[in-house]
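Note: the block below is run_30.pdb and it holds PDB, C-alpha atoms, pLDDT in the B column.
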```
ATOM      1  CA  MET W  12     -44.309-216.629-252.872  1.00 46.00           C
ATOM      2  CA  LYS W  13     -45.939-218.454-255.801  1.00 45.00           C
ATOM      3  CA  THR W  14     -48.502-220.007-253.445  1.00 46.00           C
ATOM      4  CA  LYS W  15     -49.435-216.594-252.025  1.00 43.00           C
ATOM      5  CA  LEU W  16     -49.646-215.090-255.525  1.00 40.00           C
ATOM      6  CA  ALA W  17     -51.752-218.007-256.788  1.00 39.00           C
ATOM      7  CA  SER W  18     -54.091-217.712-253.799  1.00 40.00           C
ATOM      8  CA  LEU W  19     -54.492-213.978-254.387  1.00 36.00           C
ATOM      9  CA  VAL W  20     -55.242-214.534-258.073  1.00 36.00           C
ATOM     10  CA  MET W  21     -57.896-217.168-257.297  1.00 37.00           C
ATOM     11  CA  ILE W  22     -59.541-214.865-254.750  1.00 34.00           C
ATOM     12  CA  VAL W  23     -59.663-212.057-257.329  1.00 34.00           C
ATOM     13  CA  ILE W  24     -60.960-214.384-260.052  1.00 35.00           C
ATOM     14  CA  PHE W  25     -63.814-215.765-258.019  1.00 35.00           C
ATOM     15  CA  SER W  26     -64.763-212.563-256.191  1.00 31.00           C
ATOM     16  CA  VAL W  27     -65.013-210.236-259.187  1.00 32.00           C
ATOM     17  CA  PRO W  28     -68.615-209.119-259.704  1.00 29.00           C
ATOM     18  CA  CYS W  29     -70.386-210.576-262.710  1.00 27.00           C
ATOM     19  CA  VAL W  30     -68.760-208.671-265.572  1.00 28.00           C
ATOM     20  CA  LEU W  31     -66.538-211.478-266.944  1.00 30.00           C
ATOM     21  CA  GLN W  32     -65.736-213.525-270.094  1.00 35.00           C
ATOM     22  CA  ALA W  33     -62.473-213.937-271.856  1.00 43.00           C
ATOM     23  CA  GLN W  34     -62.166-214.789-275.494  1.00 62.00           C
ATOM     24  CA  VAL W  35     -58.425-215.040-276.000  1.00 75.00           C
ATOM     25  CA  TYR W  36     -57.662-216.915-272.756  1.00 78.00           C
ATOM     26  CA  GLY W  37     -54.010-217.582-273.411  1.00 80.00           C
ATOM     27  CA  THR W  38     -50.612-216.184-274.198  1.00 81.00           C
ATOM     28  CA  GLY W  39     -48.879-215.788-277.546  1.00 81.00           C
ATOM     29  CA  GLN W  40     -47.267-219.213-277.186  1.00 86.00           C
ATOM     30  CA  THR W  41     -48.579-222.333-278.909  1.00 89.00           C
ATOM     31  CA  LEU W  42     -48.630-225.847-277.476  1.00 92.00           C
ATOM     32  CA  ARG W  43     -45.697-228.070-278.366  1.00 93.00           C
ATOM     33  CA  SER W  44     -46.408-231.026-280.641  1.00 94.00           C
ATOM     34  CA  GLY W  45     -48.282-233.743-278.750  1.00 94.00           C
ATOM     35  CA  ARG W  46     -48.940-231.577-275.694  1.00 96.00           C
ATOM     36  CA  ALA W  47     -52.527-231.010-274.551  1.00 97.00           C
ATOM     37  CA  SER W  48     -54.272-228.497-272.315  1.00 96.00           C
ATOM     38  CA  PHE W  49     -57.591-228.245-270.505  1.00 97.00           C
ATOM     39  CA  GLY W  50     -58.919-225.058-268.913  1.00 96.00           C
ATOM     40  CA  VAL W  51     -61.900-223.878-266.887  1.00 96.00           C
ATOM     41  CA  GLU W  52     -62.887-220.212-266.922  1.00 94.00           C
ATOM     42  CA  PRO W  53     -65.831-218.528-265.153  1.00 95.00           C
ATOM     43  CA  VAL W  54     -66.737-215.334-267.011  1.00 94.00           C
ATOM     44  CA  VAL W  55     -69.324-212.590-267.457  1.00 90.00           C
ATOM     45  CA  TYR W  56     -70.116-210.523-270.548  1.00 89.00           C
ATOM     46  CA  SER W  57     -70.916-206.921-269.670  1.00 91.00           C
ATOM     47  CA  TYR W  58     -73.006-205.480-272.494  1.00 90.00           C
ATOM     48  CA  ARG W  59     -73.192-201.801-273.389  1.00 90.00           C
ATOM     49  CA  ASN W  60     -76.896-201.664-272.397  1.00 92.00           C
ATOM     50  CA  GLY W  61     -76.014-202.531-268.778  1.00 90.00           C
ATOM     51  CA  ASN W  62     -77.038-206.202-268.946  1.00 92.00           C
ATOM     52  CA  SER W  63     -74.615-209.039-268.306  1.00 91.00           C
ATOM     53  CA  ASP W  64     -74.429-212.809-268.786  1.00 90.00           C
ATOM     54  CA  PHE W  65     -72.474-215.331-266.717  1.00 93.00           C
ATOM     55  CA  TYR W  66     -70.795-218.230-268.512  1.00 94.00           C
ATOM     56  CA  LEU W  67     -68.557-221.109-267.612  1.00 96.00           C
ATOM     57  CA  PHE W  68     -66.083-221.887-270.370  1.00 96.00           C
ATOM     58  CA  PHE W  69     -64.176-225.112-270.909  1.00 97.00           C
ATOM     59  CA  HIS W  70     -61.091-224.840-273.127  1.00 95.00           C
ATOM     60  CA  GLY W  71     -59.072-227.618-274.722  1.00 96.00           C
ATOM     61  CA  GLY W  72     -55.980-227.549-276.863  1.00 96.00           C
ATOM     62  CA  LEU W  73     -53.660-229.916-278.696  1.00 97.00           C
ATOM     63  CA  GLY W  74     -50.238-229.172-280.176  1.00 96.00           C
ATOM     64  CA  LEU W  75     -50.321-230.570-283.708  1.00 97.00           C
ATOM     65  CA  THR W  76     -46.820-229.693-284.948  1.00 96.00           C
ATOM     66  CA  SER W  77     -44.083-227.345-283.869  1.00 93.00           C
ATOM     67  CA  GLY W  78     -45.641-223.863-283.659  1.00 95.00           C
ATOM     68  CA  PHE W  79     -49.186-224.959-284.610  1.00 96.00           C
ATOM     69  CA  ASP W  80     -52.049-225.998-282.336  1.00 96.00           C
ATOM     70  CA  LEU W  81     -55.778-226.687-282.344  1.00 97.00           C
ATOM     71  CA  GLY W  82     -58.135-225.246-279.733  1.00 96.00           C
ATOM     72  CA  ALA W  83     -61.765-225.876-278.817  1.00 96.00           C
ATOM     73  CA  ARG W  84     -64.093-224.187-276.352  1.00 95.00           C
ATOM     74  CA  LEU W  85     -67.537-224.694-274.907  1.00 97.00           C
ATOM     75  CA  GLY W  86     -69.420-222.012-272.960  1.00 94.00           C
ATOM     76  CA  VAL W  87     -72.401-223.020-270.812  1.00 96.00           C
ATOM     77  CA  LEU W  88     -74.748-221.533-268.182  1.00 92.00           C
ATOM     78  CA  GLY W  89     -75.501-218.358-270.162  1.00 85.00           C
ATOM     79  CA  ASN W  90     -78.588-217.605-272.215  1.00 84.00           C
ATOM     80  CA  ARG W  91     -77.000-219.437-275.202  1.00 88.00           C
ATOM     81  CA  THR W  92     -74.390-222.174-275.523  1.00 93.00           C
ATOM     82  CA  TYR W  93     -71.082-221.193-277.102  1.00 93.00           C
ATOM     83  CA  PHE W  94     -69.170-223.622-279.355  1.00 95.00           C
ATOM     84  CA  GLY W  95     -65.900-222.637-280.969  1.00 96.00           C
ATOM     85  CA  GLY W  96     -62.661-223.895-282.423  1.00 96.00           C
ATOM     86  CA  ASP W  97     -59.476-222.357-283.751  1.00 96.00           C
ATOM     87  CA  PHE W  98     -56.037-222.953-285.177  1.00 97.00           C
ATOM     88  CA  GLU W  99     -53.117-220.974-283.784  1.00 96.00           C
ATOM     89  CA  TRP W 100     -49.767-220.368-285.476  1.00 97.00           C
ATOM     90  CA  ASN W 101     -46.632-219.282-283.679  1.00 96.00           C
ATOM     91  CA  LEU W 102     -45.182-216.296-285.565  1.00 96.00           C
ATOM     92  CA  HIS W 103     -42.342-215.565-283.106  1.00 95.00           C
ATOM     93  CA  SER W 104     -41.384-217.933-280.289  1.00 90.00           C
ATOM     94  CA  ARG W 105     -38.896-215.811-278.343  1.00 90.00           C
ATOM     95  CA  ASN W 106     -39.756-213.023-275.952  1.00 92.00           C
ATOM     96  CA  PRO W 107     -42.079-211.451-276.972  1.00 95.00           C
ATOM     97  CA  ALA W 108     -44.003-214.478-278.248  1.00 94.00           C
ATOM     98  CA  ILE W 109     -46.420-213.657-281.076  1.00 97.00           C
ATOM     99  CA  SER W 110     -49.184-215.862-282.460  1.00 96.00           C
ATOM    100  CA  LEU W 111     -52.026-215.644-284.958  1.00 97.00           C
ATOM    101  CA  GLY W 112     -55.284-217.498-284.356  1.00 96.00           C
ATOM    102  CA  VAL W 113     -58.200-218.073-286.730  1.00 97.00           C
ATOM    103  CA  GLY W 114     -61.365-219.997-286.038  1.00 96.00           C
ATOM    104  CA  VAL W 115     -65.135-220.332-286.113  1.00 97.00           C
ATOM    105  CA  HIS W 116     -67.830-220.148-283.457  1.00 95.00           C
ATOM    106  CA  SER W 117     -71.547-220.543-282.907  1.00 94.00           C
ATOM    107  CA  PHE W 118     -72.999-218.153-280.320  1.00 87.00           C
ATOM    108  CA  HIS W 119     -76.357-216.599-281.201  1.00 84.00           C
ATOM    109  CA  ASN W 120     -75.031-216.618-284.798  1.00 91.00           C
ATOM    110  CA  VAL W 121     -72.174-218.242-286.704  1.00 95.00           C
ATOM    111  CA  GLY W 122     -68.977-216.268-286.963  1.00 95.00           C
ATOM    112  CA  LEU W 123     -65.305-216.248-287.802  1.00 97.00           C
ATOM    113  CA  ASP W 124     -62.613-215.346-285.264  1.00 95.00           C
ATOM    114  CA  GLY W 125     -59.211-213.743-285.678  1.00 96.00           C
ATOM    115  CA  THR W 126     -56.648-212.933-282.998  1.00 95.00           C
ATOM    116  CA  VAL W 127     -53.130-211.557-282.931  1.00 96.00           C
ATOM    117  CA  ASN W 128     -51.615-212.260-279.521  1.00 96.00           C
ATOM    118  CA  ILE W 129     -48.349-210.888-278.108  1.00 96.00           C
ATOM    119  CA  SER W 130     -46.986-212.040-274.749  1.00 95.00           C
ATOM    120  CA  PHE W 131     -44.079-210.805-272.678  1.00 95.00           C
ATOM    121  CA  ALA W 132     -42.502-213.196-270.152  1.00 93.00           C
ATOM    122  CA  SER W 133     -40.771-212.087-266.956  1.00 88.00           C
ATOM    123  CA  THR W 134     -37.825-213.854-265.376  1.00 76.00           C
ATOM    124  CA  ARG W 135     -40.169-215.607-262.923  1.00 81.00           C
ATOM    125  CA  GLY W 136     -42.462-217.014-265.608  1.00 83.00           C
ATOM    126  CA  LEU W 137     -45.272-214.457-265.220  1.00 92.00           C
ATOM    127  CA  GLN W 138     -46.557-213.449-268.652  1.00 93.00           C
ATOM    128  CA  MET W 139     -48.477-210.362-269.673  1.00 96.00           C
ATOM    129  CA  TYR W 140     -50.296-210.606-272.992  1.00 95.00           C
ATOM    130  CA  SER W 141     -52.290-208.363-275.268  1.00 97.00           C
ATOM    131  CA  GLY W 142     -53.112-207.987-278.931  1.00 96.00           C
ATOM    132  CA  LEU W 143     -56.216-207.604-281.038  1.00 97.00           C
ATOM    133  CA  ASP W 144     -59.267-209.882-281.173  1.00 96.00           C
ATOM    134  CA  MET W 145     -61.953-209.593-283.853  1.00 96.00           C
ATOM    135  CA  ASP W 146     -65.045-211.543-284.869  1.00 95.00           C
ATOM    136  CA  VAL W 147     -66.948-211.448-288.130  1.00 96.00           C
ATOM    137  CA  THR W 148     -70.465-212.503-287.162  1.00 94.00           C
ATOM    138  CA  PHE W 149     -73.066-213.309-289.807  1.00 94.00           C
ATOM    139  CA  THR W 150     -76.429-211.944-288.672  1.00 91.00           C
ATOM    140  CA  ASP W 151     -79.732-211.165-290.284  1.00 86.00           C
ATOM    141  CA  PRO W 152     -79.830-208.566-291.889  1.00 86.00           C
ATOM    142  CA  GLY W 153     -76.044-207.990-292.040  1.00 90.00           C
ATOM    143  CA  THR W 154     -72.589-208.722-290.720  1.00 95.00           C
ATOM    144  CA  ARG W 155     -71.145-207.446-287.444  1.00 94.00           C
ATOM    145  CA  THR W 156     -67.432-207.061-286.634  1.00 96.00           C
ATOM    146  CA  PRO W 157     -66.843-206.564-282.904  1.00 95.00           C
ATOM    147  CA  ILE W 158     -63.218-205.748-282.049  1.00 97.00           C
ATOM    148  CA  TRP W 159     -61.560-206.111-278.639  1.00 97.00           C
ATOM    149  CA  LEU W 160     -58.274-205.214-276.994  1.00 97.00           C
ATOM    150  CA  PRO W 161     -57.382-208.131-274.692  1.00 96.00           C
ATOM    151  CA  VAL W 162     -55.069-207.606-271.725  1.00 97.00           C
ATOM    152  CA  GLY W 163     -54.202-210.593-269.594  1.00 96.00           C
ATOM    153  CA  PHE W 164     -51.793-212.144-267.151  1.00 96.00           C
ATOM    154  CA  ALA W 165     -50.722-215.777-266.958  1.00 94.00           C
ATOM    155  CA  PHE W 166     -49.358-216.971-263.624  1.00 93.00           C
ATOM    156  CA  PRO W 167     -47.502-220.309-263.643  1.00 92.00           C
ATOM    157  CA  PHE W 168     -48.433-222.187-260.486  1.00 87.00           C
ATOM    158  CA  ARG W 169     -46.639-225.432-261.231  1.00 85.00           C
ATOM    159  CA  GLN W 170     -45.047-226.784-264.402  1.00 86.00           C
ATOM    160  CA  THR W 171     -48.432-228.189-265.460  1.00 93.00           C
ATOM    161  CA  VAL W 172     -50.790-225.564-264.009  1.00 95.00           C
ATOM    162  CA  GLU W 173     -51.264-221.939-265.036  1.00 94.00           C
ATOM    163  CA  MET W 174     -53.788-219.366-263.806  1.00 95.00           C
ATOM    164  CA  LEU W 175     -55.028-216.611-266.100  1.00 95.00           C
ATOM    165  CA  LEU W 176     -56.787-213.313-265.549  1.00 96.00           C
ATOM    166  CA  GLU W 177     -57.989-211.378-268.592  1.00 95.00           C
ATOM    167  CA  VAL W 178     -60.080-208.377-269.586  1.00 96.00           C
ATOM    168  CA  GLU W 179     -61.132-207.525-273.133  1.00 95.00           C
ATOM    169  CA  VAL W 180     -62.111-203.944-273.778  1.00 96.00           C
ATOM    170  CA  GLY W 181     -64.591-203.431-276.605  1.00 95.00           C
ATOM    171  CA  LEU W 182     -63.096-201.068-279.184  1.00 97.00           C
ATOM    172  CA  ASN W 183     -66.233-200.455-281.244  1.00 96.00           C
ATOM    173  CA  ASP W 184     -69.992-200.233-280.654  1.00 93.00           C
ATOM    174  CA  GLU W 185     -70.493-203.903-281.593  1.00 93.00           C
ATOM    175  CA  ALA W 186     -68.132-205.194-278.888  1.00 94.00           C
ATOM    176  CA  TRP W 187     -68.898-205.572-275.192  1.00 92.00           C
ATOM    177  CA  THR W 188     -66.549-205.672-272.195  1.00 94.00           C
ATOM    178  CA  ILE W 189     -65.265-209.072-271.162  1.00 93.00           C
ATOM    179  CA  LEU W 190     -63.549-210.116-267.930  1.00 94.00           C
ATOM    180  CA  GLY W 191     -62.580-213.631-266.995  1.00 95.00           C
ATOM    181  CA  GLY W 192     -60.110-215.794-265.242  1.00 95.00           C
ATOM    182  CA  GLY W 193     -59.440-219.412-264.657  1.00 96.00           C
ATOM    183  CA  VAL W 194     -56.950-222.208-264.658  1.00 96.00           C
ATOM    184  CA  ASN W 195     -55.233-224.220-267.402  1.00 95.00           C
ATOM    185  CA  PHE W 196     -53.791-227.712-266.947  1.00 97.00           C
ATOM    186  CA  TYR W 197     -51.103-229.029-269.299  1.00 95.00           C
ATOM    187  CA  PHE W 198     -50.457-232.692-270.117  1.00 94.00           C
TER     188      PHE W 198
END
```
This entry written out as structure tokens:
Amino acid sequence: MKTKLASLVMIVIFSVPCVLQAQVYGTGQTLRSGRASFGVEPVVYSYRNGNSDFYLFFHGGLGLTSGFDLGARLGVLGNRTYFGGDFEWNLHSRNPAISLGVGVHSFHNVGLDGTVNISFASTRGLQMYSGLDMDVTFTDPGTRTPIWLPVGFAFPFRQTVEMLLEVEVGLNDEAWTILGGGVNFYF
């Protein structure tokens, strides 16, 4: 059953038309101390003017202490390169898991990131997550604050492999729609 579900998810991920990119890309759980992750995520930004950009994101994470991890991401292949990093704190570890993430990024302009992430686990390990994602981007002549509502699913494939599918709906005029999916490996 898991193999069929994983195959279906991969087909959906790689056959979705170019309207993808996920910013949260993870559940409300943090990495345990000393545990690492690496993820690959093809995505497309779908802008409000009808244009879109394809990106390939690489995600890395490291559990620093219990309930606290460090993440980094690199986005390539689009019209600009994306660099970002964040710290994530576990606010509630039981079901539902809740975390708070703060970070910085460089993508067209420099900005700050903030995310509240809530995930609900099923008895089979499938997790649905959502929350609120916001950037504060410093532009010339002013500051922009795009806000998104992320909705995603994490499918455990093996103990060390998880597939994710996520959409972020822009909640204000400064945010665009984001859809992405990929795979995370845990070490």
So what does the PyMOL selection byres ((chain W and resi 97) around 9) actually pick up in this one, as a list of chain:residue names?
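Selection result, ordered by chain and number: W:Asp80, W:Leu81, W:Gly82, W:Ala83, W:Arg84, W:Gly95, W:Gly96, W:Phe98, W:Glu99, W:Gly112, W:Val113, W:Gly114, W:Val115, W:His116, W:Asp124, W:Gly125.
Distance check against Leu102 (chain W) using only C-alpha atoms: of W:Leu190, W:Val162, W:Val127, W:Val51, the minimum falls on W:Val127.
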So that I can check the surroundings of Ser141 (chain W), please list as a PyMOL selection string every protein, DNA and RNA residue that reaches within 7 Å of it, counting only C-alpha atoms and ignoring chain neighbours fewer than 5 positions away.
chain W and resi 128-130+160-163
Quick one: apply the PyMOL selection byres ((chain W and resi 65) around 7) to the file and drop the selected residues here as an MDAnalysis selection string.
chainID W and resid 29 54:56 63:64 66 88:89
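Residue nearest Leu42 (chain W) within the list W:Thr148, W:Leu67, W:Met139, W:Tyr197: W:Tyr197 [criterion: smallest interatomic distance, all atoms listed in the file].
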Please evaluate the PyMOL selection byres ((chain W and resi 150) around 10) against the displayed coordinates and give the resulting residues as a PyMOL selection string.
chain W and resi 119-122+147-149+151-155
Find the spatial neighbours of Leu175 (chain W), counting all atoms listed in the file, within a cut-off of 9 Å - ignore same-chain residues fewer than 6 positions away - and output them as an mmCIF file with C-alpha atoms, in the frame of the given file.
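Wrote it out as out38.cif, contents follow:
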```cif
data_model
loop_
_atom_site.group_PDB
_atom_site.id
_atom_site.type_symbol
_atom_site.label_atom_id
_atom_site.label_comp_id
_atom_site.auth_asym_id
_atom_site.auth_seq_id
_atom_site.Cartn_x
_atom_site.Cartn_y
_atom_site.Cartn_z
ATOM 1 C CA VAL W 20 -55.242 -214.534 -258.073
ATOM 2 C CA ILE W 24 -60.960 -214.384 -260.052
ATOM 3 C CA TYR W 36 -57.662 -216.915 -272.756
ATOM 4 C CA GLY W 37 -54.010 -217.582 -273.411
ATOM 5 C CA GLU W 52 -62.887 -220.212 -266.922
ATOM 6 C CA GLY W 163 -54.202 -210.593 -269.594
ATOM 7 C CA PHE W 164 -51.793 -212.144 -267.151
ATOM 8 C CA ALA W 165 -50.722 -215.777 -266.958
ATOM 9 C CA PHE W 166 -49.358 -216.971 -263.624
ATOM 10 C CA PRO W 167 -47.502 -220.309 -263.643
ATOM 11 C CA GLY W 191 -62.580 -213.631 -266.995
ATOM 12 C CA GLY W 192 -60.110 -215.794 -265.242
ATOM 13 C CA GLY W 193 -59.440 -219.412 -264.657
ATOM 14 C CA VAL W 194 -56.950 -222.208 -264.658
ATOM 15 C CA ASN W 195 -55.233 -224.220 -267.402
#
```
Box in all listed atoms of region 67-76 of chain W, axis-aligned, with 5 Å more on each side; write out centre and edge lengths in Å to one decimal as JSON.
```
{"center_x": -57.7, "center_y": -225.8, "center_z": -276.3, "size_x": 31.7, "size_y": 19.5, "size_z": 27.3}
```
Here is a test: counting all atoms listed in the file, which residue of W:Pro53, W:Gly45, W:Gly86, W:Gly181 is nearest to Gly74 (chain W)?
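Of the candidates, the smallest distance to Gly74 (chain W) is held by W:Gly45.
Taking CA of Gly50 (chain W) and CA of Asn183 (chain W) as the two end points, the separation is 28.5 Å.
If you measure from each of W:Ser117, W:His103, W:Glu179, W:Val87 to Phe131 (chain W) using only C-alpha atoms, the closest one turns out to be W:His103.
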Please identify all polymer residues within 10 Å of Asp184 (chain W), counting all atoms listed in the file, omitting same-chain residues fewer than 3 positions from it, and present them as a PDB file with C-alpha atoms, in the frame of the given file.
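File part-v2.pdb, as written:
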```pdb
ATOM      1  CA  ARG W  59     -73.192-201.801-273.389  1.00 90.00           C
ATOM      2  CA  ARG W 155     -71.145-207.446-287.444  1.00 94.00           C
ATOM      3  CA  THR W 156     -67.432-207.061-286.634  1.00 96.00           C
ATOM      4  CA  PRO W 157     -66.843-206.564-282.904  1.00 95.00           C
ATOM      5  CA  ILE W 158     -63.218-205.748-282.049  1.00 97.00           C
ATOM      6  CA  GLY W 181     -64.591-203.431-276.605  1.00 95.00           C
ATOM      7  CA  TRP W 187     -68.898-205.572-275.192  1.00 92.00           C
TER       8      TRP W 187
END
```
Work out how far apart CA of Phe94 (chain W) and CA of Phe49 (chain W) are and give it in Å to one decimal.
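Separation between CA of Phe94 (chain W) and CA of Phe49 (chain W): 15.3 Å.
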